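These notes are about the structure you will find just below.
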Amino acid sequence: MKSAHKKAVLSKVILYIILIAIALMMIVPFLWMLSASIKSDREVFQMNPFVWIPEVPRWKNYVNIWKKIPFGKFVGNTVYLTIVVTFLQLLTSSFAAYSFAKLNFKHKKFLFLAYIATIAMPWQVYMVPQFIMMRSMGLNDKLLAIICLQAFSAFGVFMMKQFYEGIPDDLCEAARIDGMSEYKIYAKIMLPLSKPALSTLTIFTFVATWNDYLGPLIYLKSQENKTIQLGLKMFISQYSSDYGLIMAGSVLSLIPVLVVFMCLQKFFVEGVASTGLKG
């Protein structure tokens, strides 16, 4: 018994050591970015000795980044784009998932499989046809083009459907007997019960939209429509040697993502676990 207990304890210790090592490997680059954001160029690449916090931190890097480029405009465009796309994906994904999970209609399984199959198709395959379509609609160099393309998510529909299938059908049947329409069942029963799944989808969508680089690069040309990612790339092109300012801008671009994750993290694990109950 003692030998088995010792082996179990040793296994846990080894596991925790491995997990701590992996966590350190993941967090060190972010710590370096934070350190570099308050340094001068000379201090950024000073390795012997390496100093995490300089004697005179250059906090003005976080002020100068707003002056060197129209960073505020880029932030505003990214916030607008991310909020709108996230809201639309939550709406369309949850609405479509309710139909596929709780309603019966002709060719339901075929339509669901056909829609979900698009997840396996790389975006680069249909990137050019999408661009031609948006240009023919007069949406080139407009945020509306990205909103239209990203307002729907096959992954979101799949995830929400998995969650809805874990909710007993008896709830919907009882609501129908009471005279509730499908829209009311969706709004008053399904949505309140799906907070974990909606929170998980919010994190995925928010992070993907906020960090998207290739989409805005293709559709947004004018400076007034650019997002943070394009703005940082433009800043690197103009001030390639000012790594302190570049890192300060990168840190600022991470803050909204961290805030959203911290606010929704208590639902995140529950949402991921519950959406995998049924396959």
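Identifiers for the structure tokens are assigned positionally: chains receive A, B, ... in sequence, residues are indexed from 1 per chain, and ligands are indexed from 1 in the order shown.
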
- Task: Just list the residues in region 13-238 of chain A DSSP gives alpha helix (DSSP H) on the backbone, as an MDAnalysis selection string.
- Result: chainID A and resid 13:36 41:44 61:68 71:102 108:116 123:136 143:150 154:164 169:177 182:185 191:193 195:210 214:219 228:238

Nearby residues (only C-alpha atoms) at most 12 Å from region 56-71 of chain A, same-chain spacing under 3 positions excluded, as a tab-separated table (two decimals) with C-alpha atoms, in the first residue's frame:
chain	number	residue	atom	x	y	z
A	34	LEU	CA	6.41	43.25	-21.21
A	35	SER	CA	10.03	43.86	-20.27
A	36	ALA	CA	10.97	45.10	-23.75
A	37	SER	CA	8.00	47.49	-23.82
A	38	ILE	CA	9.59	49.66	-21.11
A	39	LYS	CA	13.12	49.62	-22.51
A	40	SER	CA	15.12	51.55	-25.08
A	41	ASP	CA	16.47	49.82	-28.19
A	43	GLU	CA	18.40	47.83	-23.48
A	44	VAL	CA	16.12	45.46	-25.40
A	51	VAL	CA	17.69	42.86	-16.99
A	52	TRP	CA	13.95	42.30	-16.76
A	53	ILE	CA	13.18	45.74	-15.33
A	74	PHE	CA	-6.93	51.38	-35.30
A	75	VAL	CA	-8.21	50.39	-31.86
A	76	GLY	CA	-11.64	51.87	-32.60
A	77	ASN	CA	-11.92	49.98	-35.89
A	78	THR	CA	-10.86	46.71	-34.26
A	223	GLN	CA	-5.44	53.91	-43.33
A	224	GLU	CA	-8.70	55.06	-41.74
A	225	ASN	CA	-10.13	51.54	-41.96
A	226	LYS	CA	-7.14	49.56	-40.73
A	227	THR	CA	-7.22	47.39	-37.62
A	228	ILE	CA	-4.65	47.03	-34.83
A	229	GLN	CA	-2.82	44.17	-36.54
A	230	LEU	CA	-2.40	46.15	-39.75
A	231	GLY	CA	-1.47	49.23	-37.73
A	232	LEU	CA	1.31	47.38	-35.92
A	233	LYS	CA	2.59	46.02	-39.23
A	234	MET	CA	2.59	49.56	-40.65
A	235	PHE	CA	4.43	50.78	-37.56
A	236	ILE	CA	7.06	48.04	-37.92
A	237	SER	CA	7.57	49.07	-41.55
A	238	GLN	CA	8.09	52.73	-40.60
A	239	TYR	CA	9.97	52.27	-37.30
A	242	ASP	CA	12.11	50.96	-32.32
A	243	TYR	CA	11.39	47.66	-30.61
A	244	GLY	CA	10.33	49.27	-27.35
A	245	LEU	CA	7.42	51.02	-29.06
A	246	ILE	CA	6.56	47.91	-31.07
A	247	MET	CA	6.36	45.82	-27.91
A	248	ALA	CA	4.32	48.52	-26.15
A	249	GLY	CA	1.78	48.41	-29.00
A	250	SER	CA	1.71	44.61	-28.84
A	251	VAL	CA	1.03	44.70	-25.09
A	252	LEU	CA	-1.81	47.17	-25.58
A	253	SER	CA	-3.33	44.95	-28.28

- With only C-alpha atoms as the basis for distance, which of A:Tyr219, A:Thr92, A:Ala187, A:Pro192 is at the shortest distance from Val157 (chain A)?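 Answer, going by the shortest atom-to-atom distance: A:Thr92.
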
- Task: Kindly give the distance, in Å, that separates CA of Gly215 (chain A) and CA of Ile146 (chain A), rounded to a single decimal.
- Result: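 Pair CA of Gly215 (chain A) / CA of Ile146 (chain A) returns 7.1 Å.
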
- Message: So that I can see what lies close to Lys161 (chain A), please list as a list of chain:residue names the residues with an atom at most 9 Å from it, counting only C-alpha atoms and leaving out residues fewer than 5 positions away in the same chain.
- Response: A:Ser93, A:Ser94, A:Ala96, A:Ala97, A:Tyr98, A:Ser99, A:Phe100, A:Ala101, A:Lys102, A:Gly156, A:Gly166, A:Thr275

- Item | Nearest-residue call for Gln124 (chain A), choices A:Ile167, A:Met159, A:Met47, A:Ile218, using only C-alpha atoms |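 Distance minimum relative to Gln124 (chain A) lands on A:Ile218.
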
- Task: Extract, using only C-alpha atoms, all DNA, RNA and protein residues at most 8 Å from Thr86 (chain A), discarding same-chain residues fewer than 6 positions from it, and format them as a VMD selection string.
- Result: chain A and resid 151 202 205 to 206 209

Got time to write the residues from that selection, N, CA and C atoms, as a CSV table (one decimal), in the first residue's frame?
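Contents of result.csv, freshly written:
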chain,number,residue,atom,x,y,z
A,151,ALA,N,-19.8,36.8,-40.2
A,151,ALA,CA,-21.0,36.8,-39.3
A,151,ALA,C,-21.6,35.4,-39.1
A,202,THR,N,-17.9,33.0,-27.4
A,202,THR,CA,-17.5,34.5,-27.4
A,202,THR,C,-16.0,34.6,-27.3
A,205,THR,N,-14.5,33.5,-30.8
A,205,THR,CA,-14.8,34.5,-31.8
A,205,THR,C,-14.1,35.8,-31.6
A,206,PHE,N,-14.1,36.3,-30.3
A,206,PHE,CA,-13.5,37.5,-30.0
A,206,PHE,C,-12.0,37.5,-30.3
A,209,THR,N,-11.3,37.2,-34.2
A,209,THR,CA,-11.5,38.4,-34.9
A,209,THR,C,-10.5,39.5,-34.5

- Message: What's the separation between CA of Asp170 (chain A) and CA of Leu103 (chain A), in Å to one decimal place?
- Response: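 Calculated distance between CA of Asp170 (chain A) and CA of Leu103 (chain A) is 12.9 Å.
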
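The shortest atom-to-atom distance to Met133 (chain A), with only C-alpha atoms taken into account, belongs to A:Cys148 out of A:Ala120, A:Ile177, A:Cys148, A:Val9.
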